[in-house]
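Enquirer: Can you keep this structure in mind? I'll have questions shortly.
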Amino acid sequence: MAVGKTVRLGNHPEVGVCTRCARSIGKWGREIEDRDRSGPGVSARDGFRSLRKAVVRRGWQNARILGGPLRWLGKRLP
């Protein structure tokens with residue numbers, strides 16, 4: 001793993017995570033924080049998460065025509 005592709009955790013600089021994993025960890029962290037919150041933003045994020053899980057369960061992210069746009073959206077949505 002190249003040094004430029006590693007993220008160091010602020011409070012624990014001895015821990016290094018690849019950028020792809022860091023993105024996933026960030027999404028999981030926001031999901032955990034949302035468990036204790038309410039409001040329209042939280043509801044919208046929960047809806048996107050449910051939709052993402054349904055897409056992955058059906059394998060649509062690997063479809064020939066829809067796969068590319070779905071993966072692009074998945075990187076940019078909560």
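All residue names refer to the structure tokens as shown: chains lettered A, B, ... in order, residues numbered from 1 in each chain, ligands numbered from 1 in order.
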Could you write out, as JSON, numbers by chain, all the residues of chain A that DSSP marks as strand (DSSP E)?
Expert: {"A": [6, 7, 8, 16, 17, 18]}
Enquirer: Name the residues of chain A that come out as helix (DSSP H, G or I) in a backbone DSSP run; write them as a PyMOL selection string.
Expert: chain A and resi 3-5+19-34+40-58+60-62+67-76
Enquirer: Can you pull out every residue within 7 Å of range 15-19 of chain A, counting only C-alpha atoms, but drop anything in the same chain fewer than 6 positions away, and send it as a ChimeraX atom specification?
Expert: /A:5-9
Enquirer: Which polymer residues have any atom within 9 Å of an atom of Glu31 in chain A, counting only C-alpha atoms, with same-chain residues fewer than 2 positions away left out, as number ranges by chain?
Expert: A: 26-29, 33-35, 45-46, 49, 78
Enquirer: Put those residues in a file: N, CA and C atoms, as a CSV table (one decimal), in the first residue's frame.
Expert:
chain,number,residue,atom,x,y,z
A,26,GLY,N,-16.2,6.2,7.6
A,26,GLY,CA,-16.9,7.4,7.8
A,26,GLY,C,-18.4,7.3,7.6
A,27,LYS,N,-18.8,6.5,6.6
A,27,LYS,CA,-20.3,6.3,6.4
A,27,LYS,C,-20.9,5.5,7.6
A,28,TRP,N,-20.1,4.5,8.1
A,28,TRP,CA,-20.6,3.7,9.2
A,28,TRP,C,-20.7,4.6,10.4
A,29,GLY,N,-19.8,5.5,10.6
A,29,GLY,CA,-19.8,6.4,11.8
A,29,GLY,C,-21.0,7.3,11.7
A,33,GLU,N,-24.2,7.7,14.4
A,33,GLU,CA,-24.6,8.9,15.0
A,33,GLU,C,-26.0,9.2,14.7
A,34,ASP,N,-26.5,8.8,13.5
A,34,ASP,CA,-27.9,9.1,13.1
A,34,ASP,C,-28.9,8.2,14.0
A,35,ARG,N,-28.5,7.2,14.6
A,35,ARG,CA,-29.4,6.3,15.4
A,35,ARG,C,-30.0,7.1,16.5
A,45,ARG,N,-31.3,10.3,4.8
A,45,ARG,CA,-30.1,9.5,4.8
A,45,ARG,C,-30.5,8.0,5.0
A,46,ASP,N,-31.4,7.7,5.9
A,46,ASP,CA,-31.9,6.4,6.1
A,46,ASP,C,-32.5,5.8,4.8
A,49,ARG,N,-29.7,4.9,2.5
A,49,ARG,CA,-29.0,3.7,2.9
A,49,ARG,C,-29.9,2.4,2.6
A,78,PRO,N,-25.0,9.8,1.0
A,78,PRO,CA,-24.7,9.4,2.3
A,78,PRO,C,-24.8,7.9,2.5
Enquirer: Using only C-alpha atoms, can you tell me which of A:Cys21, A:Leu73, A:His12, A:Arg37 comes closest to Leu51 in chain A?
Expert: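 Using only C-alpha atoms, Leu51 in chain A sits closest to A:Leu73.
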Enquirer: Find the distance between CA of Arg76 in chain A and CA of Gln61 in chain A and write it in Å to one decimal.
Expert: 14.3 Å
Enquirer: Using only C-alpha atoms, which residues sit within 10 Å of Arg71 in chain A once same-chain residues fewer than 4 positions away are excluded, as an NGL selection string?
Expert: :A and (52 or 60-62 or 66-67 or 75-76)
Enquirer: For the residues in the current selection, export N, CA and C atoms as a short mmCIF file (atom, residue, chain, number, x, y, z; two decimals), in the first residue's frame.
Expert:
data_model
loop_
_atom_site.label_atom_id
_atom_site.label_comp_id
_atom_site.auth_asym_id
_atom_site.auth_seq_id
_atom_site.Cartn_x
_atom_site.Cartn_y
_atom_site.Cartn_z
N ARG A 52 -29.55 1.82 -1.10
CA ARG A 52 -28.24 1.26 -1.43
C ARG A 52 -28.19 -0.23 -1.10
N TRP A 60 -27.49 -4.93 -8.74
CA TRP A 60 -27.65 -3.96 -9.81
C TRP A 60 -26.40 -3.14 -10.05
N GLN A 61 -25.53 -2.99 -9.06
CA GLN A 61 -24.30 -2.21 -9.22
C GLN A 61 -23.36 -2.86 -10.23
N ASN A 62 -23.59 -4.13 -10.55
CA ASN A 62 -22.77 -4.84 -11.53
C ASN A 62 -23.43 -4.95 -12.89
N LEU A 66 -26.73 0.01 -16.00
CA LEU A 66 -27.00 0.76 -14.77
C LEU A 66 -25.84 0.77 -13.79
N GLY A 67 -24.94 -0.17 -13.88
CA GLY A 67 -23.88 -0.33 -12.88
C GLY A 67 -23.02 0.90 -12.69
N LYS A 75 -20.97 6.63 -4.39
CA LYS A 75 -19.81 7.31 -3.81
C LYS A 75 -20.17 8.72 -3.32
N ARG A 76 -21.24 9.28 -3.83
CA ARG A 76 -21.56 10.67 -3.54
C ARG A 76 -22.75 10.86 -2.60
#
